[in-house]
file coords-v4.cif (mmCIF, C-alpha atoms and all ligand atoms)
data_input
#
loop_
_atom_site.label_atom_id
_atom_site.label_comp_id
_atom_site.auth_asym_id
_atom_site.auth_seq_id
_atom_site.Cartn_x
_atom_site.Cartn_y
_atom_site.Cartn_z
CA MET A 1 0.00 0.00 0.00
CA GLN A 2 1.25 3.45 -0.83
CA LEU A 3 0.20 6.75 0.75
CA LYS A 4 1.45 9.95 -0.78
CA PHE A 5 1.00 13.53 0.41
CA GLN A 6 1.88 16.96 -0.90
CA VAL A 7 3.82 19.05 1.60
CA LYS A 8 4.09 22.82 1.25
CA GLY A 9 6.99 24.86 2.55
CA MET A 10 6.18 27.19 5.47
CA ASP A 11 2.61 25.89 5.75
CA PHE A 12 2.64 25.42 9.51
CA SER A 13 -1.13 25.16 9.82
CA ARG A 14 -1.12 21.79 8.03
CA ALA A 15 2.36 20.62 8.86
CA GLY A 16 2.35 17.26 10.58
CA GLN A 17 -0.92 16.14 9.02
CA ALA A 18 0.70 13.77 6.57
CA ALA A 19 2.66 12.01 9.31
CA THR A 20 -0.47 11.80 11.47
CA LYS A 21 -2.36 10.11 8.66
CA ILE A 22 0.48 7.69 8.01
CA LYS A 23 0.40 6.80 11.70
CA LYS A 24 -3.34 6.06 11.56
CA ALA A 25 -2.88 3.85 8.51
CA LEU A 26 -0.04 1.94 10.21
CA GLN A 27 -2.19 1.41 13.31
CA LEU A 28 -5.15 0.22 11.28
CA ALA A 29 -2.88 -2.12 9.34
CA GLY A 30 -1.92 -3.68 12.67
CA MET A 31 1.79 -2.92 12.52
CA ASP A 32 3.92 -3.42 15.62
CA PRO A 33 3.84 -0.31 17.91
CA ALA A 34 7.65 -0.12 17.92
CA THR A 35 7.66 -0.05 14.13
CA ILE A 36 4.98 2.65 14.11
CA ARG A 37 6.90 4.76 16.60
CA LYS A 38 10.07 4.67 14.55
CA ALA A 39 8.31 5.23 11.22
CA ILE A 40 6.41 8.18 12.65
CA ILE A 41 9.50 9.92 14.02
CA ILE A 42 10.99 9.64 10.53
CA ALA A 43 7.82 10.74 8.74
CA TYR A 44 7.16 13.70 11.04
CA GLU A 45 10.74 15.02 11.11
CA ALA A 46 11.09 14.57 7.33
CA GLU A 47 7.76 16.33 6.76
CA MET A 48 8.80 19.19 9.04
CA ASN A 49 12.12 19.52 7.24
CA ILE A 50 10.26 20.09 3.99
CA VAL A 51 7.98 22.63 5.68
CA ILE A 52 10.85 24.47 7.38
CA HIS A 53 13.74 24.17 4.96
CA ALA A 54 12.34 23.50 1.47
CA TYR A 55 9.79 25.03 -0.93
CA HIS A 56 7.51 22.07 -1.51
CA GLY A 57 7.65 18.32 -1.78
CA THR A 58 5.98 15.00 -1.14
CA LEU A 59 5.93 12.56 1.73
CA THR A 60 5.33 8.94 0.76
CA ALA A 61 4.84 5.83 2.85
CA ASN A 62 5.14 2.37 1.31
CA ILE A 63 3.61 -0.07 3.72
CA THR A 64 3.99 -3.84 3.60
CA PRO A 65 3.63 -6.40 6.43
CA HIS A 66 7.42 -6.62 6.74
CA LYS A 67 8.55 -3.09 6.21
CA VAL A 68 7.62 0.59 6.15
CA GLU A 69 9.41 2.87 3.73
CA ILE A 70 9.25 6.63 4.19
CA ILE A 71 10.32 8.80 1.29
CA ALA A 72 10.52 12.58 1.50
CA GLU A 73 11.32 14.41 -1.72
CA ASP A 74 11.49 18.15 -2.08
CA GLU A 75 12.44 21.03 -4.27
CA GLY A 76 14.44 23.44 -2.21
CA PRO A 77 17.87 24.76 -1.32
CA GLY A 78 19.31 21.29 -0.75
CA ILE A 79 21.82 20.32 1.94
CA PRO A 80 25.40 21.37 1.10
CA ASP A 81 27.06 19.23 3.78
CA ILE A 82 25.03 16.17 4.77
CA PRO A 83 27.40 14.83 7.49
CA LEU A 84 27.29 18.27 9.15
CA ALA A 85 23.48 18.40 8.91
CA MET A 86 23.34 14.95 10.55
CA GLN A 87 25.11 16.22 13.67
CA GLU A 88 23.03 16.60 16.80
CA GLY A 89 22.21 20.24 17.42
CA TYR A 90 23.18 21.50 13.97
CA SER A 91 20.43 23.68 12.57
CA THR A 92 20.10 26.58 10.18
CA ALA A 93 16.55 27.34 11.31
CA PRO A 94 15.99 31.05 12.04
CA PRO A 95 14.82 32.36 15.46
CA HIS A 96 11.12 32.59 14.58
CA ILE A 97 11.14 28.89 13.72
CA ARG A 98 12.89 28.06 16.99
CA GLU A 99 10.23 29.94 18.91
CA MET A 100 7.73 27.41 17.61
CA GLY A 101 9.74 24.61 19.18
CA PHE A 102 11.54 23.53 15.99
CA GLY A 103 15.12 23.97 14.91
CA ALA A 104 16.69 21.97 17.71
CA GLY A 105 18.83 20.23 15.11
CA MET A 106 17.61 16.83 16.26
CA GLY A 107 15.46 15.95 13.25
CA LEU A 108 18.01 14.18 11.07
CA PRO A 109 19.84 12.56 14.04
CA ASN A 110 16.52 11.18 15.32
CA ILE A 111 15.63 9.96 11.84
CA LYS A 112 18.98 8.16 11.71
CA LYS A 113 18.38 6.52 15.10
CA SER A 114 14.90 5.39 14.10
CA ALA A 115 15.68 4.08 10.63
CA ASP A 116 16.96 0.57 9.95
CA GLU A 117 18.16 1.82 6.56
CA LEU A 118 18.64 5.40 5.48
CA ASP A 119 19.72 7.18 2.33
CA ILE A 120 19.85 10.94 1.83
CA GLN A 121 20.63 12.52 -1.53
CA SER A 122 20.75 16.24 -1.98
CA GLU A 123 21.70 18.75 -4.60
CA VAL A 124 22.24 22.39 -3.71
CA ASN A 125 19.61 24.71 -5.21
CA LYS A 126 17.62 21.72 -6.45
CA GLY A 127 16.33 19.61 -3.63
CA THR A 128 16.62 16.71 -1.27
CA ARG A 129 15.49 13.08 -1.30
CA LEU A 130 15.36 11.12 1.93
CA TRP A 131 14.62 7.41 1.86
CA ALA A 132 14.27 5.42 5.08
CA ALA A 133 13.11 1.91 5.90
CA VAL A 134 11.89 0.41 9.16
CA PHE A 135 11.49 -3.36 9.40
CA ASN A 136 8.42 -4.65 11.14
CA ASN A 137 9.85 -7.08 13.68
CA VAL A 138 6.74 -9.07 14.28
CA ASN A 139 6.21 -12.76 13.89
CA ILE A 140 4.37 -12.79 10.59
CA GLN A 141 2.08 -15.63 11.75
CA GLN A 142 0.73 -13.47 14.57
CA ASN A 143 0.73 -10.34 12.52
CA ARG A 144 -2.81 -9.22 11.81
CA TYR A 145 -1.71 -7.00 8.95
CA ASP A 146 -4.86 -5.62 7.43
CA GLU A 147 -4.37 -3.55 4.31
CA ASP A 148 -8.08 -3.05 3.69
CA ALA A 149 -8.63 -1.58 7.14
CA ALA A 150 -5.69 0.74 6.67
CA LEU A 151 -6.93 1.85 3.26
CA SER A 152 -10.48 2.45 4.38
CA GLY A 153 -9.21 4.35 7.39
CA ALA A 154 -7.06 6.36 5.05
CA ASN A 155 -10.02 7.27 2.85
CA ASP A 156 -10.16 10.82 4.16
CA LEU A 157 -6.53 11.14 3.10
CA ARG A 158 -7.47 12.73 -0.17
CA SER A 159 -8.08 16.01 1.61
CA ALA A 160 -4.39 16.42 2.35
CA GLY A 161 -2.99 14.83 -0.77
CA ASN A 162 -3.82 11.53 -2.33
CA SER A 163 -3.47 7.88 -1.61
CA THR A 164 -3.00 5.05 -4.01
CA ARG A 165 -2.48 1.39 -3.72
CA MET B 1 -3.41 22.00 41.81
CA LEU B 2 -1.83 24.19 39.16
CA HIS B 3 -4.58 26.82 39.49
CA ALA B 4 -5.09 26.28 35.80
CA ASP B 5 -7.78 27.78 33.57
CA VAL B 6 -9.60 25.37 31.31
CA LEU B 7 -9.48 26.59 27.71
CA CYS B 8 -11.45 23.74 26.22
CA GLY B 9 -12.52 20.17 26.90
CA ALA B 10 -14.00 20.92 30.34
CA ASP B 11 -16.25 17.88 29.95
CA ARG B 12 -13.22 15.62 29.68
CA LEU B 13 -11.36 16.74 32.76
CA ASP B 14 -11.83 13.44 34.53
CA THR B 15 -9.69 11.78 31.84
CA GLU B 16 -6.92 9.76 33.41
CA VAL B 17 -3.34 10.51 32.41
CA THR B 18 -0.71 7.82 32.83
CA CYS B 19 2.34 10.04 32.99
CA GLY B 20 3.60 13.54 32.42
CA PHE B 21 6.03 15.07 29.99
CA GLY B 22 7.25 18.65 30.06
CA CYS B 23 9.04 20.03 27.06
CA ASP B 24 9.49 23.05 24.83
CA LEU B 25 11.11 21.15 21.97
CA ILE B 26 9.02 19.41 19.35
CA SER B 27 11.66 16.83 18.41
CA ASP B 28 12.17 15.70 22.00
CA SER B 29 8.45 15.49 22.69
CA LEU B 30 8.05 13.29 19.65
CA CYS B 31 10.74 10.92 20.88
CA PHE B 32 9.97 10.77 24.58
CA ALA B 33 6.30 11.55 25.25
CA ARG B 34 4.30 8.35 25.68
CA PRO B 35 0.69 7.60 24.72
CA GLY B 36 -1.73 8.65 27.44
CA CYS B 37 0.55 11.32 28.86
CA LEU B 38 -0.13 14.84 30.00
CA LEU B 39 1.92 17.29 27.96
CA LEU B 40 3.22 20.40 29.73
CA THR B 41 4.65 23.04 27.43
CA GLY B 42 5.25 26.69 26.70
CA LEU B 43 4.62 26.15 22.98
CA THR B 44 1.25 27.52 21.92
CA ASN B 45 1.18 27.13 18.15
CA VAL B 46 -0.92 24.71 16.12
CA GLN B 47 2.02 22.33 15.94
CA ILE B 48 1.71 21.35 19.57
CA ILE B 49 -1.84 20.12 18.95
CA ARG B 50 -0.70 18.05 15.97
CA LEU B 51 2.17 16.73 18.04
CA ALA B 52 -0.16 15.83 20.91
CA GLU B 53 -2.32 13.92 18.45
CA MET B 54 0.73 12.15 17.09
CA VAL B 55 2.04 11.03 20.49
CA GLU B 56 -1.54 10.37 21.71
CA ALA B 57 -1.31 12.77 24.63
CA ARG B 58 -4.50 13.02 26.72
CA ALA B 59 -4.31 16.73 27.48
CA ILE B 60 -2.04 19.77 27.32
CA VAL B 61 -1.15 22.23 30.08
CA PHE B 62 0.28 25.52 28.83
CA VAL B 63 2.72 26.97 31.34
CA ARG B 64 4.16 30.44 32.11
CA GLY B 65 0.82 32.14 31.52
CA LYS B 66 0.92 31.37 27.81
CA LYS B 67 -2.40 31.07 26.03
CA PRO B 68 -2.83 29.72 22.51
CA GLY B 69 -4.84 31.53 19.84
CA GLU B 70 -8.47 30.81 19.01
CA ASP B 71 -7.46 28.68 15.98
CA VAL B 72 -5.38 26.41 18.22
CA ILE B 73 -8.22 26.03 20.73
CA LYS B 74 -10.64 25.27 17.91
CA LEU B 75 -8.40 22.52 16.54
CA ALA B 76 -8.01 21.00 20.00
CA ARG B 77 -11.78 21.05 20.44
CA GLU B 78 -12.18 19.19 17.13
CA LYS B 79 -9.67 16.60 18.29
CA GLY B 80 -11.31 16.26 21.72
CA LEU B 81 -8.11 17.32 23.42
CA PRO B 82 -8.52 19.22 26.71
CA LEU B 83 -6.35 22.35 27.06
CA LEU B 84 -5.43 23.99 30.34
CA ALA B 85 -3.34 27.07 31.13
CA THR B 86 -1.41 27.96 34.25
CA ASP B 87 0.74 30.93 35.25
CA LEU B 88 3.27 28.60 36.88
CA PHE B 89 6.60 27.84 35.23
CA LEU B 90 7.25 24.47 33.65
CA PHE B 91 9.54 23.38 36.49
CA GLU B 92 7.03 24.25 39.22
CA SER B 93 4.11 22.70 37.36
CA CYS B 94 5.99 19.44 36.91
CA GLY B 95 7.12 19.51 40.54
CA ILE B 96 3.59 19.90 41.84
CA LEU B 97 2.26 17.11 39.65
CA TYR B 98 5.19 14.89 40.59
CA GLN B 99 4.45 15.43 44.27
CA ALA B 100 0.86 14.49 43.59
CA GLY B 101 2.06 11.17 42.23
CA LEU B 102 2.31 11.74 38.49
CA ARG B 103 5.43 10.15 37.04
CA SER B 104 7.56 10.85 34.01
CA SER B 105 6.80 9.67 30.51
N1 LIG C 201 14.76 19.02 3.26
C1 LIG C 201 15.79 19.86 3.54
N2 LIG C 201 16.16 20.81 2.66
C2 LIG C 201 17.18 21.65 2.94
N3 LIG C 201 17.91 21.62 4.08
C3 LIG C 201 17.60 20.69 5.00
C4 LIG C 201 16.51 19.76 4.79
N4 LIG C 201 16.43 18.95 5.87
C5 LIG C 201 17.42 19.34 6.71
N5 LIG C 201 18.12 20.38 6.19
C6 LIG C 201 19.29 21.06 6.80
O1 LIG C 201 19.84 20.23 7.81
C7 LIG C 201 19.80 20.91 9.07
C8 LIG C 201 19.56 19.90 10.19
O2 LIG C 201 18.26 19.30 10.06
P1 LIG C 201 17.54 18.72 11.35
O3 LIG C 201 18.46 17.77 12.02
O4 LIG C 201 16.20 18.20 10.95
O5 LIG C 201 17.40 19.99 12.29
P2 LIG C 201 16.39 21.23 12.24
O6 LIG C 201 15.30 20.89 11.27
O7 LIG C 201 15.92 21.34 13.64
O8 LIG C 201 17.19 22.41 11.79
C9 LIG C 201 18.72 21.94 8.92
O9 LIG C 201 18.87 23.02 9.81
C10 LIG C 201 18.92 22.38 7.47
O10 LIG C 201 20.00 23.26 7.34
MG MG C 202 14.31 19.13 11.24
#

call {"tool": "encode", "arguments": {"input": "coords-v4.cif", "output": "structure tokens", "more": "lines below"}}
Ligand SMILES: Nc1ncnc2c1ncn2[C@@H]1O[C@H](COP(=O)(O)OP(=O)(O)O)[C@@H](O)[C@H]1O
Ligand SMILES: [Mg+2]
result
Amino acid sequence: MQLKFQVKGMDFSRAGQAATKIKKALQLAGMDPATIRKAIIIAYEAEMNIVIHAYHGTLTANITPHKVEIIAEDEGPGIPDIPLAMQEGYSTAPPHIREMGFGAGMGLPNIKKSADELDIQSEVNKGTRLWAAVFNNVNIQQNRYDEDAALSGANDLRSAGNSTR
Amino acid sequence: MLHADVLCGADRLDTEVTCGFGCDLISDSLCFARPGCLLLTGLTNVQIIRLAEMVEARAIVFVRGKKPGEDVIKLAREKGLPLLATDLFLFESCGILYQAGLRSS
């Protein structure tokens, strides 16, 4: 199952909605809570990075019983030095963003901690693509993965973007 | 206990919270706040409501006399999330609740 959302830069009124909807879909699909927690930290921080640092982009979740992939793609300034951006506490967010509780420079480090696999590609003045995977460590026999429930629960998703199988 | 004003969700004030978490950073709240917790914060923008929904917090207490705007209260009302506001600082608020038996997230 794939869920895909448009994310607009600086749109703080809707920021976080895409990650919230991905969380609901993961819960309805019956994924392991630990998997959901990790996937949601990645989805939320990646969504916020588009809102704060880029112009616009998309947040995509590919959900299977074994794995959740989160992909955040944006058009924006890009990240000139990825290892530097990955450091805890490094942030270029301006003061008015920090006042809202963002810009602690913990987004990418927390994504790294939460992801089982992570790949970040970026080109200055073009954009950034973040790909992360979290494996669902649940005995598949006991796993009540329910794609239909997740999809029906995600039916209102169209308001914030669109969802496709 | 915190001499807090109720901004919305007065009908849900008997909701039980399992733990407390006080924080002014979104990233940390996302990592450490647990489902069912009471969120204490000085952040009053819409983001804190979305965050509370994400971490499945039961209610929010705004500290240091901060009050969110009408749009924030409206969103919380839609989500069924009680909001309270106190003049106390974050440290004091947490201390009082801790003394009353509430433990950390
Ligand atoms: N999508 C992005 N586009 C451009 N720059 C980014 C993007 N994501 C992260 N960055 C850069 O990496 C830095 C660190 O990101 P992060 O760890 O999430 O911290 P924060 O968002 O709090 O600044 C940001 O301050 C910014 O300079
Ligand atoms: Mg960030």

call {"tool": "residues_around", "arguments": {"input": "coords-v4.cif", "residues": "Ile40 (chain A)", "least_positions_apart": "5", "cutoff": "12 Å", "atoms": "all atoms listed in the file", "output": "MDAnalysis selection string"}}
result
(chainID A and resid 16:27 33:35 45:48 59:61 68:70 107 110:111 114:115 132:134) or (chainID B and resid 27 30:31 51 53:55)

call {"tool": "atom_distance", "arguments": {"input": "coords-v4.cif", "atom1": "CA of Ile97 (chain A)", "atom2": "CA of Gly80 (chain B)"}}
result
27.0 Å

call {"tool": "residues_around", "arguments": {"input": "coords-v4.cif", "residues": "Gln6 (chain A)", "least_positions_apart": "2", "cutoff": "10 Å", "atoms": "only C-alpha atoms", "output": "VMD selection string"}}
result
chain A and resid 4 8 18 47 56 to 60 72 to 74 160 to 162

call {"tool": "write_last_selection", "arguments": {"input": "coords-v4.cif", "atoms": "C-alpha atoms", "output": "compact mmCIF listing (two decimals), keeping the file's coordinate frame"}}
result
# COMPACT_ATOMS: atom_id res chain seq x y z
CA LYS A 4 1.45 9.95 -0.78
CA LYS A 8 4.09 22.82 1.25
CA ALA A 18 0.70 13.77 6.57
CA GLU A 47 7.76 16.33 6.76
CA HIS A 56 7.51 22.07 -1.51
CA GLY A 57 7.65 18.32 -1.78
CA THR A 58 5.98 15.00 -1.14
CA LEU A 59 5.93 12.56 1.73
CA THR A 60 5.33 8.94 0.76
CA ALA A 72 10.52 12.58 1.50
CA GLU A 73 11.32 14.41 -1.72
CA ASP A 74 11.49 18.15 -2.08
CA ALA A 160 -4.39 16.42 2.35
CA GLY A 161 -2.99 14.83 -0.77
CA ASN A 162 -3.82 11.53 -2.33

call {"tool": "closest_residue", "arguments": {"input": "coords-v4.cif", "among": "B:Pro82, B:Gly95, B:Gly9, B:Gly42", "to": "chain A", "atoms": "only C-alpha atoms"}}
result
B:Gly42

call {"tool": "closest_residue", "arguments": {"input": "coords-v4.cif", "among": "B:Ala33, B:Leu25, B:Leu97, B:Ile48", "to": "ligand LIG 201 (chain C)", "atoms": "all atoms listed in the file"}}
result
B:Leu25

call {"tool": "closest_residue", "arguments": {"input": "coords-v4.cif", "among": "A:Glu99, A:Asp146, A:Glu88, A:Glu117", "to": "ligand LIG 201 (chain C)", "atoms": "all atoms listed in the file"}}
result
A:Glu88

call {"tool": "closest_atom_pairs", "arguments": {"input": "coords-v4.cif", "of": "chain A", "to": "ligand LIG 201 (chain C)", "cutoff": "8 Å", "atoms": "only C-alpha atoms and all ligand atoms", "output": "tab-separated table"}}
result
residue	atom	partner	partner_atom	distance
A:Glu45	CA	C:LIG201	O4	6.3
A:Ala46	CA	C:LIG201	N4	7.1
A:Met48	CA	C:LIG201	O6	7.1
A:Asn49	CA	C:LIG201	N4	4.6
A:Ile50	CA	C:LIG201	N1	4.7
A:Ile52	CA	C:LIG201	O6	6.9
A:His53	CA	C:LIG201	C2	4.7
A:Ala54	CA	C:LIG201	N2	4.8
A:Ala72	CA	C:LIG201	N1	7.9
A:Glu73	CA	C:LIG201	N1	7.6
A:Asp74	CA	C:LIG201	N1	6.3
A:Glu75	CA	C:LIG201	N2	7.9
A:Gly76	CA	C:LIG201	N2	5.8
A:Pro77	CA	C:LIG201	C2	5.3
A:Gly78	CA	C:LIG201	C2	4.3
A:Ile79	CA	C:LIG201	N3	4.6
A:Ile82	CA	C:LIG201	O1	7.3
A:Leu84	CA	C:LIG201	O1	7.8
A:Ala85	CA	C:LIG201	O1	4.2
A:Met86	CA	C:LIG201	O3	5.8
A:Gln87	CA	C:LIG201	O3	7.0
A:Glu88	CA	C:LIG201	O3	6.7
A:Gly89	CA	C:LIG201	O3	7.0
A:Tyr90	CA	C:LIG201	C8	5.5
A:Ser91	CA	C:LIG201	O9	3.2
A:Thr92	CA	C:LIG201	O9	3.8
A:Ala93	CA	C:LIG201	O8	5.0
A:Phe102	CA	C:LIG201	O7	5.4
A:Gly103	CA	C:LIG201	O7	3.0
A:Ala104	CA	C:LIG201	O7	4.2
A:Gly105	CA	C:LIG201	O5	3.2
A:Met106	CA	C:LIG201	O3	4.4
A:Gly107	CA	C:LIG201	O4	3.3
A:Leu108	CA	C:LIG201	O3	3.7
A:Pro109	CA	C:LIG201	O3	5.8
A:Asn110	CA	C:LIG201	O3	7.6
A:Ser122	CA	C:LIG201	N2	8.0
A:Gly127	CA	C:LIG201	N2	6.4
A:Thr128	CA	C:LIG201	N1	5.4
A:Arg129	CA	C:LIG201	N1	7.5

call {"tool": "closest_residue", "arguments": {"input": "coords-v4.cif", "among": "A:Gln2, A:Gln121, A:Ser152, A:Asn62", "to": "Pro83 (chain A)", "atoms": "only C-alpha atoms"}}
result
A:Gln121

call {"tool": "atom_distance", "arguments": {"input": "coords-v4.cif", "atom1": "CA of Ala10 (chain B)", "atom2": "CA of Arg77 (chain B)"}}
result
10.1 Å

call {"tool": "atom_distance", "arguments": {"input": "coords-v4.cif", "atom1": "CA of Val7 (chain A)", "atom2": "CA of Val51 (chain A)"}}
result
6.8 Å
